[in-house]
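A.B. asks: Provided below: work09.cif, containing mmCIF, C-alpha atoms and all ligand atoms.
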data_start
loop_
_atom_site.label_atom_id
_atom_site.label_comp_id
_atom_site.auth_asym_id
_atom_site.auth_seq_id
_atom_site.Cartn_x
_atom_site.Cartn_y
_atom_site.Cartn_z
CA MET A 6 -1.30 28.40 36.25
CA SER A 7 1.90 26.75 35.14
CA VAL A 8 -0.02 23.54 34.37
CA VAL A 9 -2.49 25.46 32.22
CA THR A 10 0.24 27.11 30.16
CA LYS A 11 2.52 24.07 29.93
CA THR A 12 -0.01 21.55 28.70
CA PRO A 13 -0.88 23.13 25.33
CA ALA A 14 2.82 23.74 24.61
CA ALA A 15 3.62 20.10 25.42
CA GLN A 16 0.68 19.04 23.22
CA ASP A 17 1.99 21.20 20.37
CA HIS A 18 5.48 19.86 20.72
CA SER A 19 4.41 16.21 20.82
CA LEU A 20 2.08 16.81 17.87
CA ARG A 21 4.91 18.36 15.85
CA LEU A 22 7.12 15.37 16.60
CA LEU A 23 4.36 12.96 15.60
CA ASN A 24 3.65 14.84 12.36
CA GLY A 25 7.37 14.88 11.55
CA SER A 26 7.68 11.13 12.04
CA ALA A 27 4.57 10.52 9.91
CA LYS A 28 6.11 12.63 7.11
CA ALA A 29 9.40 10.70 7.34
CA TRP A 30 7.42 7.44 7.12
CA PHE A 31 5.45 8.71 4.13
CA PHE A 32 8.47 9.90 2.11
CA THR A 33 10.33 6.65 2.79
CA ALA A 34 7.28 4.67 1.66
CA VAL A 35 6.95 6.78 -1.50
CA ALA A 36 10.62 6.19 -2.36
CA GLY A 37 10.02 2.45 -1.99
CA GLN A 38 6.84 2.57 -4.06
CA LEU A 39 8.70 4.35 -6.83
CA MET A 40 11.07 1.36 -6.96
CA PHE A 41 8.01 -0.90 -7.36
CA VAL A 42 6.68 1.33 -10.18
CA PHE A 43 10.12 1.24 -11.81
CA HIS A 44 9.98 -2.59 -11.74
CA ILE A 45 6.48 -2.64 -13.26
CA LEU A 46 7.35 -0.18 -16.04
CA TYR A 47 10.80 -1.54 -16.78
CA PHE A 48 9.98 -5.24 -16.65
CA TYR A 49 6.33 -5.54 -17.76
CA GLY A 50 6.28 -2.33 -19.82
CA GLY A 51 9.62 -3.14 -21.46
CA SER A 52 8.71 -6.73 -22.35
CA THR A 53 5.32 -5.58 -23.70
CA VAL A 54 6.97 -3.02 -25.97
CA ARG A 55 9.34 -5.75 -27.22
CA GLY A 56 6.37 -8.12 -27.65
CA ASP A 57 8.18 -10.56 -25.34
CA PHE A 58 5.28 -11.87 -23.25
CA ALA A 59 7.21 -15.07 -22.57
CA ALA A 60 9.27 -12.99 -20.13
CA TRP A 61 6.15 -12.54 -17.98
CA ASN A 62 5.84 -16.28 -17.53
CA GLU A 63 9.36 -16.54 -16.17
CA VAL A 64 8.35 -14.54 -13.09
CA LEU A 65 4.58 -14.94 -12.72
CA TYR A 66 2.77 -17.85 -11.10
CA HIS A 67 0.11 -18.29 -13.78
CA GLY A 68 1.19 -15.68 -16.31
CA ILE A 69 -0.05 -15.79 -19.90
CA ILE A 70 -1.97 -19.02 -20.60
CA SER A 71 -2.70 -19.70 -24.26
CA GLY A 72 -6.42 -20.02 -24.93
CA ASP A 73 -7.42 -18.28 -21.69
CA THR A 74 -8.30 -14.90 -23.21
CA MET A 75 -10.29 -13.65 -20.21
CA GLY A 76 -7.53 -14.52 -17.76
CA ASN A 77 -4.85 -12.97 -19.95
CA VAL A 78 -6.86 -9.77 -20.37
CA ALA A 79 -7.43 -9.63 -16.60
CA LEU A 80 -3.69 -10.02 -16.04
CA GLY A 81 -2.82 -7.35 -18.63
CA ILE A 82 -5.28 -4.89 -17.08
CA HIS A 83 -4.00 -5.75 -13.61
CA LEU A 84 -0.39 -5.00 -14.49
CA LEU A 85 -1.20 -1.82 -16.42
CA LEU A 86 -3.26 -0.49 -13.51
CA ALA A 87 -0.59 -1.53 -11.01
CA ALA A 88 1.65 1.27 -12.28
CA VAL A 89 -1.21 3.80 -12.45
CA ILE A 90 -2.39 3.16 -8.90
CA THR A 91 1.05 3.01 -7.28
CA LEU A 92 1.93 6.39 -8.80
CA GLY A 93 -1.48 7.97 -8.23
CA GLY A 94 -1.78 7.23 -4.49
CA PRO A 95 1.09 9.23 -3.03
CA ILE A 96 0.26 12.23 -5.28
CA GLN A 97 -3.25 12.18 -3.87
CA LEU A 98 -2.02 12.46 -0.27
CA VAL A 99 0.22 15.53 -0.71
CA PRO A 100 -1.52 18.41 1.18
CA TRP A 101 -0.15 21.05 -1.22
CA ILE A 102 -1.84 19.33 -4.16
CA GLN A 103 -5.07 18.88 -2.18
CA LYS A 104 -5.11 22.62 -1.46
CA ASN A 105 -3.74 24.18 -4.64
CA MET A 106 -4.74 21.74 -7.37
CA ARG A 107 -8.28 20.84 -6.32
CA GLN A 108 -9.56 19.94 -9.75
CA PHE A 109 -6.62 17.63 -10.31
CA HIS A 110 -7.13 16.12 -6.84
CA ARG A 111 -10.75 15.38 -7.69
CA TRP A 112 -9.97 13.74 -11.03
CA ASN A 113 -6.97 11.82 -9.77
CA GLY A 114 -9.14 10.69 -6.85
CA ARG A 115 -11.86 9.37 -9.16
CA VAL A 116 -9.28 7.57 -11.29
CA TYR A 117 -7.67 6.14 -8.14
CA VAL A 118 -10.90 4.82 -6.68
CA VAL A 119 -12.06 3.25 -9.97
CA THR A 120 -8.57 1.80 -10.53
CA ALA A 121 -8.55 0.36 -7.00
CA ILE A 122 -11.83 -1.45 -7.66
CA ILE A 123 -10.85 -2.75 -11.12
CA ILE A 124 -7.41 -3.95 -9.97
CA SER A 125 -9.04 -5.78 -7.05
CA LEU A 126 -11.68 -7.40 -9.28
CA SER A 127 -9.07 -8.43 -11.87
CA GLY A 128 -6.90 -9.91 -9.06
CA LEU A 129 -9.91 -11.79 -7.66
CA TYR A 130 -10.78 -13.06 -11.13
CA ILE A 131 -7.24 -14.42 -11.57
CA ILE A 132 -7.19 -16.26 -8.25
CA TYR A 133 -10.72 -17.68 -8.49
CA ALA A 134 -10.66 -18.58 -12.20
CA ARG A 135 -7.07 -19.86 -12.31
CA GLY A 136 -6.34 -20.84 -8.72
CA ALA A 137 -4.79 -19.06 -5.76
CA VAL A 138 -1.27 -17.84 -6.33
CA VAL A 139 1.26 -19.83 -4.27
CA GLY A 140 -1.37 -21.48 -2.06
CA PRO A 141 -4.61 -21.18 -0.07
CA PHE A 142 -3.30 -18.87 2.68
CA MET A 143 -2.10 -16.34 0.13
CA GLY A 144 -5.41 -16.77 -1.73
CA ALA A 145 -7.34 -15.98 1.46
CA GLY A 146 -5.03 -13.05 2.30
CA ASN A 147 -5.36 -11.64 -1.24
CA THR A 148 -9.14 -11.96 -1.04
CA LEU A 149 -9.21 -10.12 2.29
CA ASN A 150 -6.96 -7.41 0.84
CA ALA A 151 -9.17 -7.03 -2.25
CA LEU A 152 -12.33 -6.72 -0.11
CA MET A 153 -10.67 -4.15 2.15
CA ILE A 154 -9.55 -2.12 -0.88
CA MET A 155 -13.05 -2.07 -2.34
CA VAL A 156 -14.74 -1.13 0.96
CA CYS A 157 -12.20 1.68 1.56
CA ALA A 158 -12.59 2.90 -2.05
CA VAL A 159 -16.38 3.15 -1.74
CA MET A 160 -16.19 4.87 1.68
CA THR A 161 -13.55 7.35 0.47
CA MET A 162 -15.70 8.33 -2.49
CA TYR A 163 -18.91 8.42 -0.45
CA PHE A 164 -17.54 10.86 2.13
CA ALA A 165 -15.90 13.01 -0.57
CA MET A 166 -19.24 13.33 -2.38
CA ASN A 167 -20.97 14.21 0.90
CA ARG A 168 -18.30 16.82 1.66
CA ARG A 169 -17.45 15.14 4.99
CA LEU A 170 -13.81 15.91 4.38
CA ASP A 171 -12.43 14.85 7.76
CA VAL A 172 -13.94 11.39 7.47
CA HIS A 173 -13.04 11.30 3.75
CA ARG A 174 -9.37 11.92 4.62
CA ARG A 175 -9.32 9.02 7.07
CA TRP A 176 -10.83 6.60 4.58
CA ALA A 177 -8.40 7.84 1.93
CA LEU A 178 -5.49 6.97 4.25
CA ARG A 179 -6.97 3.51 4.86
CA LEU A 180 -7.43 3.08 1.11
CA PHE A 181 -3.82 4.06 0.42
CA LEU A 182 -2.57 1.49 2.95
CA ALA A 183 -4.92 -1.23 1.70
CA VAL A 184 -3.85 -0.59 -1.91
CA SER A 185 -0.22 -0.71 -0.73
CA GLY A 186 -0.86 -4.19 0.74
CA VAL A 187 0.87 -6.04 -2.12
CA TRP A 188 3.81 -3.66 -1.74
CA PHE A 189 3.93 -4.24 2.04
CA PHE A 190 3.98 -7.97 1.30
CA ARG A 191 7.18 -7.62 -0.72
CA VAL A 192 8.75 -5.19 1.77
CA GLY A 193 7.81 -7.49 4.67
CA PHE A 194 9.38 -10.43 2.91
CA GLY A 195 12.50 -8.40 2.18
CA LEU A 196 12.78 -7.28 5.81
CA TRP A 197 12.42 -10.85 7.10
CA ILE A 198 15.25 -12.01 4.82
CA LEU A 199 17.41 -9.04 5.80
CA ILE A 200 16.96 -9.69 9.54
CA ASN A 201 17.46 -13.44 9.35
CA GLN A 202 19.79 -13.66 6.38
CA GLY A 203 17.36 -16.32 5.19
CA ALA A 204 13.64 -17.00 5.44
CA PRO A 205 12.78 -19.09 8.51
CA GLY A 206 9.08 -19.96 8.66
CA HIS A 207 8.79 -19.80 4.87
CA THR A 208 8.16 -22.84 2.67
CA ASP A 209 7.95 -23.30 -1.11
CA ALA A 210 4.21 -23.90 -0.68
CA PHE A 211 3.90 -20.63 1.28
CA ASP A 212 2.34 -22.45 4.24
CA GLY A 213 4.99 -21.87 6.90
CA PRO A 214 4.22 -19.78 10.03
CA PHE A 215 5.83 -16.69 8.55
CA ASP A 216 3.96 -17.17 5.24
CA ILE A 217 0.62 -17.39 7.05
CA PHE A 218 1.47 -14.35 9.18
CA LEU A 219 2.40 -12.29 6.11
CA ALA A 220 -0.52 -13.53 3.99
CA PHE A 221 -2.92 -11.76 6.37
CA GLY A 222 -0.53 -9.28 7.99
CA HIS A 223 0.19 -7.41 4.74
CA ALA A 224 -3.47 -6.38 4.64
CA LEU A 225 -4.24 -5.97 8.34
CA ILE A 226 -1.14 -4.65 10.14
CA PRO A 227 -0.63 -1.33 8.28
CA ILE A 228 -4.29 -0.38 8.83
CA ALA A 229 -4.16 -1.40 12.51
CA ILE A 230 -1.12 0.86 12.99
CA LEU A 231 -2.90 3.70 11.17
CA GLU A 232 -5.90 3.39 13.50
CA LEU A 233 -3.59 3.59 16.50
CA TYR A 234 -1.80 6.60 14.99
CA LEU A 235 -5.06 8.46 14.34
CA ARG A 236 -6.32 7.84 17.88
CA VAL A 237 -3.06 8.90 19.50
CA LYS A 238 -2.87 11.97 17.25
CA ASP A 239 -6.43 13.05 18.07
CA LYS A 240 -6.76 12.23 21.73
CA GLY A 241 -3.43 10.98 23.02
CA LYS A 242 -1.54 12.60 25.88
CA PRO A 243 1.89 14.02 24.94
CA ILE A 244 3.62 10.95 26.39
CA PHE A 245 1.62 8.63 24.09
CA ARG A 246 2.29 10.85 21.11
CA LYS A 247 6.00 10.69 21.83
CA ALA A 248 5.81 6.90 22.15
CA MET A 249 3.95 6.76 18.83
CA THR A 250 6.61 9.02 17.29
CA LEU A 251 9.31 6.63 18.45
CA GLY A 252 7.31 3.69 17.10
CA LEU A 253 6.94 5.36 13.70
CA VAL A 254 10.66 6.17 13.54
CA LEU A 255 11.43 2.53 14.28
CA LEU A 256 8.90 1.31 11.72
CA THR A 257 10.35 3.70 9.13
CA ALA A 258 13.84 2.30 9.71
CA LEU A 259 12.55 -1.28 9.42
CA MET A 260 10.58 -0.38 6.31
CA ALA A 261 13.68 1.20 4.75
CA GLY A 262 15.54 -2.08 5.37
CA GLY A 263 12.67 -4.03 3.78
CA ILE A 264 12.59 -1.69 0.77
CA PHE A 265 16.35 -2.08 0.31
CA MET A 266 16.09 -5.87 0.33
CA ALA A 267 12.91 -6.03 -1.80
CA THR A 268 14.62 -3.81 -4.37
CA ILE A 269 17.52 -6.25 -4.59
CA ILE A 270 15.40 -9.40 -4.58
CA PHE A 271 12.35 -8.36 -6.62
CA TRP A 272 12.68 -5.04 -8.39
CA LEU A 273 16.12 -4.42 -9.83
CA PRO A 274 16.52 -5.48 -13.47
CA GLY A 275 17.64 -9.11 -13.62
CA SER A 276 16.65 -9.83 -9.99
C1 LIG B 1 -4.05 -2.72 -5.43
C2 LIG B 1 -2.82 -2.78 -5.72
C3 LIG B 1 -2.14 -3.89 -6.47
C4 LIG B 1 -1.00 -3.75 -7.19
C5 LIG B 1 -0.20 -2.47 -7.33
C6 LIG B 1 -0.70 -5.03 -7.76
C7 LIG B 1 0.41 -5.30 -8.55
C8 LIG B 1 0.77 -6.51 -9.05
C9 LIG B 1 1.96 -6.80 -9.78
C10 LIG B 1 3.05 -5.80 -10.13
C11 LIG B 1 1.95 -8.11 -10.10
C12 LIG B 1 3.02 -8.88 -10.84
C13 LIG B 1 3.96 -9.55 -9.88
C14 LIG B 1 5.20 -8.73 -9.68
O1 LIG B 1 5.92 -8.47 -10.65
O2 LIG B 1 5.48 -8.34 -8.52
C15 LIG B 1 0.73 -8.66 -9.57
C16 LIG B 1 0.36 -9.97 -9.70
C17 LIG B 1 -0.79 -10.48 -9.17
N1 LIG B 1 -1.73 -9.81 -8.43
FE1 LIG B 1 -1.71 -7.89 -7.94
N2 LIG B 1 -1.64 -5.92 -7.39
C18 LIG B 1 -2.56 -5.28 -6.59
C19 LIG B 1 -3.66 -5.83 -5.96
C20 LIG B 1 -4.01 -7.15 -6.05
C21 LIG B 1 -5.12 -7.74 -5.36
C22 LIG B 1 -6.05 -7.03 -4.39
C23 LIG B 1 -5.15 -9.04 -5.72
C24 LIG B 1 -6.06 -10.14 -5.30
C25 LIG B 1 -7.25 -10.23 -5.30
C26 LIG B 1 -4.08 -9.27 -6.65
C27 LIG B 1 -3.81 -10.46 -7.28
C28 LIG B 1 -2.71 -10.71 -8.07
C29 LIG B 1 -2.39 -12.00 -8.63
C30 LIG B 1 -3.23 -13.25 -8.48
C31 LIG B 1 -1.18 -11.86 -9.32
C32 LIG B 1 -0.37 -12.96 -10.00
C33 LIG B 1 -0.71 -13.30 -11.38
C34 LIG B 1 0.17 -14.47 -11.81
O3 LIG B 1 1.15 -14.79 -11.13
O4 LIG B 1 -0.13 -15.04 -12.84
N3 LIG B 1 -3.40 -8.09 -6.81
N4 LIG B 1 0.02 -7.67 -8.93
#
Could you express the structure from this file as structure tokens?
Ligand code: HEM
C.D. replies:
Amino acid sequence: MSVVTKTPAAQDHSLRLLNGSAKAWFFTAVAGQLMFVFHILYFYGGSTVRGDFAAWNEVLYHGIISGDTMGNVALGIHLLLAAVITLGGPIQLVPWIQKNMRQFHRWNGRVYVVTAIIISLSGLYIIYARGAVVGPFMGAGNTLNALMIMVCAVMTMYFAMNRRLDVHRRWALRLFLAVSGVWFFRVGFGLWILINQGAPGHTDAFDGPFDIFLAFGHALIPIAILELYLRVKDKGKPIFRKAMTLGLVLLTALMAGGIFMATIIFWLPGS
């Protein structure tokens, strides 16, 4: 009898802990993504308003190339949509908005999915027409990330249109993490520098062991962790849920460190 009554309570408790850690992870990630949006609006938005496109070329790998209209348009679209998609994603995942602002959720969702596809295609155009940014490993990692974004975008939309909302939600989470890949790349780089007070395994040609790891890891690792989280949440015993909770708390702390460092290195004005 005691086993029968204890198990559901333990399940509830471990589920509450897991949900709490997932929320803490999400809010930390959103805070970090807002810093990324700030960088995009302040730096690219600001220099566009001033008509100072030369500023772009000081930070970008290819940047604006005179005579390459297609490439420059692709880059402009890419940067404009970067702000739209990074702001639109977190809003889409807030349960209160999903429940109380359904019409908005639907429209923001359509915009998000279309934006995800266009930003991926514009990124692919840049790397295949102009050459991979910083080297072949990053080119391959970016290509993988772009393909994952487009597959997740199509699946998210497909299951929303078929009213399979449980499956839709899962694909939407995968899409959010795939879209956040470029952000994870910067946070991962920041974390590595913070831990090592330098960047061992990184080379100028981005072909060191750490570079290769991050080139693919920024696309694959977040989604692998999500899959584990979903399985543990659905079917895990309380002990596994508690272990996952601990893992998420640790990951959140590491991510906060990476965000702090990425903000200093990449996103603050003048960095
Ligand atoms: C989906 C979310 C994405 C966002 C929010 C995003 C955002 C950005 C931002 C802000 C930059 C400028 C660099 C910086 O200031 O940090 C950039 C550059 C770039 N992105 Fe993306 N990006 C995304 C996806 C992709 C994908 C999937 C690809 C690859 C296929 C890609 C390829 C590129 C390339 C090649 C550049 C560099 C252009 C240059 O240096 O001339 N991006 N992106």
A.B. asks: With all atoms listed in the file as the atoms that count, which of A:Ile122, A:Leu233, A:Leu20, A:Ile102 lies nearest to Ala183 (chain A)?
C.D. replies: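 So, comparing all the options, the nearest one is A:Ile122.
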A.B. asks: Within 10 Å of (9.6, 3.1, 8.8) (coordinates as in the file), grab all the protein and nucleic acid residues, counting all atoms listed in the file, and write them out as a list of chain:residue names.
C.D. replies: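 I get A:Ser26, A:Ala27, A:Ala29, A:Trp30, A:Phe31, A:Phe32, A:Thr33, A:Ala34, A:Gly252, A:Leu253, A:Val254, A:Leu255, A:Leu256, A:Thr257, A:Ala258, A:Leu259, A:Met260, A:Ala261, A:Gly262, A:Gly263, A:Ile264 for the residues within 10 Å of that point.
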A.B. asks: Excluding region 237-245 of chain A and any residue of its chain fewer than 5 positions from it, enumerate the residues within 7 Å of it, using all atoms listed in the file, and give them as a VMD selection string.
C.D. replies: chain A and resid 15 to 16 19 to 20
A.B. asks: To one decimal place in Å, what is the distance between CA of Ser276 (chain A) and CA of Asn147 (chain A)?
C.D. replies: 23.8 Å
A.B. asks: Find the residue from A:Gln38, A:Thr208, A:Ser185, A:Thr161 that sits nearest to ligand LIG 1 (chain B); use all atoms listed in the file when measuring.
C.D. replies: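 Nearest to ligand LIG 1 (chain B): A:Ser185.
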A.B. asks: Which one of A:Lys247, A:Leu170, A:Val138, A:His223 sits closest to Leu65 (chain A) if you count only C-alpha atoms?
C.D. replies: A:Val138
A.B. asks: Which one is closest to ligand LIG 1 (chain B): A:His67, A:Arg168, A:His83, A:Arg107? Count all atoms listed in the file.
C.D. replies: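 Under the stated criterion, the closest residue is A:His67.
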A.B. asks: Find the residue from A:Ala165, A:Val187, A:Val116, A:Leu46 that sits nearest to ligand LIG 1 (chain B); use only C-alpha atoms and all ligand atoms when measuring.
C.D. replies: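 Selected residue with least distance to ligand LIG 1 (chain B): A:Val187.
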A.B. asks: Please provide as a count of residues only all residues within 7 Å of region 150-154 of chain A, with the sequence filter that same-chain residues fewer than 4 positions apart are discarded (counting all atoms listed in the file).
C.D. replies: 9
A.B. asks: Got a sec: who's within 12 Å of Arg115 (chain A), counting only C-alpha atoms, leaving out chain neighbours fewer than 2 positions off, as a list of chain:residue names?
C.D. replies: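 Counting only C-alpha atoms, the residues come to A:Ile90, A:Gly93, A:Gly94, A:Gln97, A:Gln108, A:Phe109, A:His110, A:Arg111, A:Trp112, A:Asn113, A:Tyr117, A:Val118, A:Val119, A:Thr120, A:Ala121, A:Ile122, A:Ala158, A:Val159, A:Thr161, A:Met162, A:Tyr163, A:Ala165, A:Met166, A:Ala177.
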A.B. asks: Distance CA of His173 (chain A)-CA of Val42 (chain A), one decimal place?
C.D. replies: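 So the answer is 26.1 Å.
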A.B. asks: Interatomic distance between CA of Phe215 (chain A) and CA of Phe194 (chain A)?
C.D. replies: 9.1 Å
A.B. asks: Between A:Val35, A:Leu80, A:Leu92, A:Ile217, which one has atoms that come closest to Tyr49 (chain A), using only C-alpha atoms?
C.D. replies: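 Closest to Tyr49 (chain A) of all the choices is A:Leu80.
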A.B. asks: Counting all atoms listed in the file, select every polymer residue within 10 Å of (11.1, -10.7, -5.0) as defined in the file's coordinates, and provide the selection as number ranges by chain.
C.D. replies: A: 64, 190-192, 194-195, 266-273, 276
